[in-house]
There are 2 protein chains.
Amino acid sequence: MMTGTRWLDSEQQVAWRAYLLGTARLMAKLDDDLRQFGLGINDYEILVRLSEAPERRLRMAELADRLHQSRSRLTHTVGRLEAAELVRRTSCKSDKRGVWAELTDAGFALLEQAAPYHVEGVRENLVDLASPEDFAAIGRVFDAVSEHIGQR
Amino acid sequence: MMTGTRWLDSEQQVAWRAYLLGTARLMAKLDDDLRQFGLGINDYEILVRLSEAPERRLRMAELADRLHQSRSRLTHTVGRLEAAELVRRTSCKSDKRGVWAELTDAGFALLEQAAPYHVEGVRENLVDLASPEDFAAIGRVFDAVSEHIGQR
DNA sequence: GTGGTGTTGTTAAACTTTCAACCGATGGCT
DNA sequence: AGCCATCGGTTGAAAGTTTAACAACACCAC
């Protein structure tokens, strides 16, 4: 680490920065677009994960892991979503420490409204800007990144 | 928008989520690695931009734009960096509204310490995990994203 | 069963970011 | 000159996130 740092060459440098800036702009844009539904991209992802789960519910820890968030952050966020009646919390019978976060009907309905709009945004601002090969490359690389870094 | 949403096909879906999760993990990791220097990745990027600028200084607005941050956020962050004596603020002679953010010697020294470590992290957790072609693809795509979304 | 150890989820407090209002400086425009 | 829309930056409060500590429970060994 000390001797002979392998700096990025200038192409890599440029690509790295493009990624940083592009990601920042993309997330800001998607967030912005969702705000008309009273959601942030983070809230949205939570609702999506719940909507896909059996019985539309997940344990808090499981949800936190899938989103790579701290349990604490999730507790706060779900608290807000619960106040907005988009999510309901119920305690888990089989493990009394556990808590289910469950999508309400209102939550599902809102998601149905927001999803087409959001997906269109993802297409317009990312997917459709990339060739299929390039987009596949992104999938490959970030899969490897996740794999490499591992859980938490 | 209303009729016939063009949903992502399942490959695209997988790639999109890999990107979301991978990015979350990558940023968390890089952030973590920098914490030993008392910096977050955001602070680090600020110091880098300043270090590259002529006379190691930039106007606040210019810096904010390059990092895609709000001016307000930058004001707060630079305030903290200034308290840590890594950055100095001086008012701009030619435009009295303006403020220069300037890297101090201590800031530069800290950056020199942190940079090799950080770059190694970027390599290990991203660059070296991708083939050169795939990494170039990332650059291309996010360039297009930035371009498409445009400034702020 | 008892005791130790780890897990789940929440909480309070500290910290960071966002939001909206603001102020002085600037640059037209008439 | 005077007006005024805009720019550059800051401010303080509100909103959101992190950190560390904690209570309740689960699990395993004994």
# chains A, B, ... in the order shown; residues from 1 in each chain; ligands from 1
>>> closest_atom_pairs(of="chain B", to="chain D", cutoff="8 Å", atoms="only C-alpha atoms (C1' of nucleotides)", output="tab-separated table")
residue	atom	partner	partner_atom	distance
B:Met60	CA	D:DG9	C1'	7.9
B:Ala61	CA	D:DG8	C1'	7.1
B:Arg71	CA	D:DG9	C1'	7.4
B:Ser72	CA	D:DT10	C1'	7.6
B:Thr75	CA	D:DT10	C1'	7.3
B:Arg97	CA	D:DG8	C1'	5.6
B:Gly98	CA	D:DG8	C1'	5.8
B:Val99	CA	D:DG9	C1'	7.7
>>> write_last_selection(atoms="C-alpha atoms", output="PDB file, in the first residue's frame")
ATOM      1  CA  MET B  60     -18.123  27.432  -3.884  1.00  0.00           C
ATOM      2  CA  ALA B  61     -20.666  27.261  -6.669  1.00  0.00           C
ATOM      3  CA  ARG B  71     -24.802  24.982  -2.361  1.00  0.00           C
ATOM      4  CA  SER B  72     -26.250  24.665   1.085  1.00  0.00           C
ATOM      5  CA  THR B  75     -21.560  25.420   2.811  1.00  0.00           C
ATOM      6  CA  ARG B  97     -20.464  37.838  -3.554  1.00  0.00           C
ATOM      7  CA  GLY B  98     -18.032  35.056  -4.227  1.00  0.00           C
ATOM      8  CA  VAL B  99     -16.060  32.836  -1.871  1.00  0.00           C
TER       9      VAL B  99
END
>>> select_by_dssp(residues="chain A", states="alpha helix (DSSP H)", output="NGL selection string")
:A and (10-34 or 41-52 or 60-67 or 71-83 or 105-125 or 132-149)
>>> interface_residues(of="chain C", to="chain B", cutoff="10 Å", atoms="only C-alpha atoms (C1' of nucleotides)", output="list of chain:residue names")
C:DT16, C:DT17, C:DT18, C:DC19, C:DG24, C:DA25, C:DT26
>>> interface_residues(of="chain A", to="chain B", cutoff="7 Å", atoms="only C-alpha atoms", output="VMD selection string")
chain A and resid 1 5 7 15 to 16 18 to 19 21 to 22 24 to 25 67 to 68 116 to 117 119 125 to 126 129 to 130 134 136 to 139 141 to 146 148 to 149
>>> select_by_dssp(residues="region 6-145 of chain A", states="strand (DSSP E or B)", output="list in words")
Arg57, Leu58, Arg59, Val87, Arg88, Arg89, Thr90, Ser91, Val99, Trp100, Ala101, Glu102 and Leu103 of chain A
>>> atom_distance(atom1="CA of Ala53 (chain B)", atom2="CA of Cys92 (chain B)")
15.7 Å
>>> atom_distance(atom1="CA of Leu86 (chain B)", atom2="CA of Thr104 (chain B)")
5.4 Å
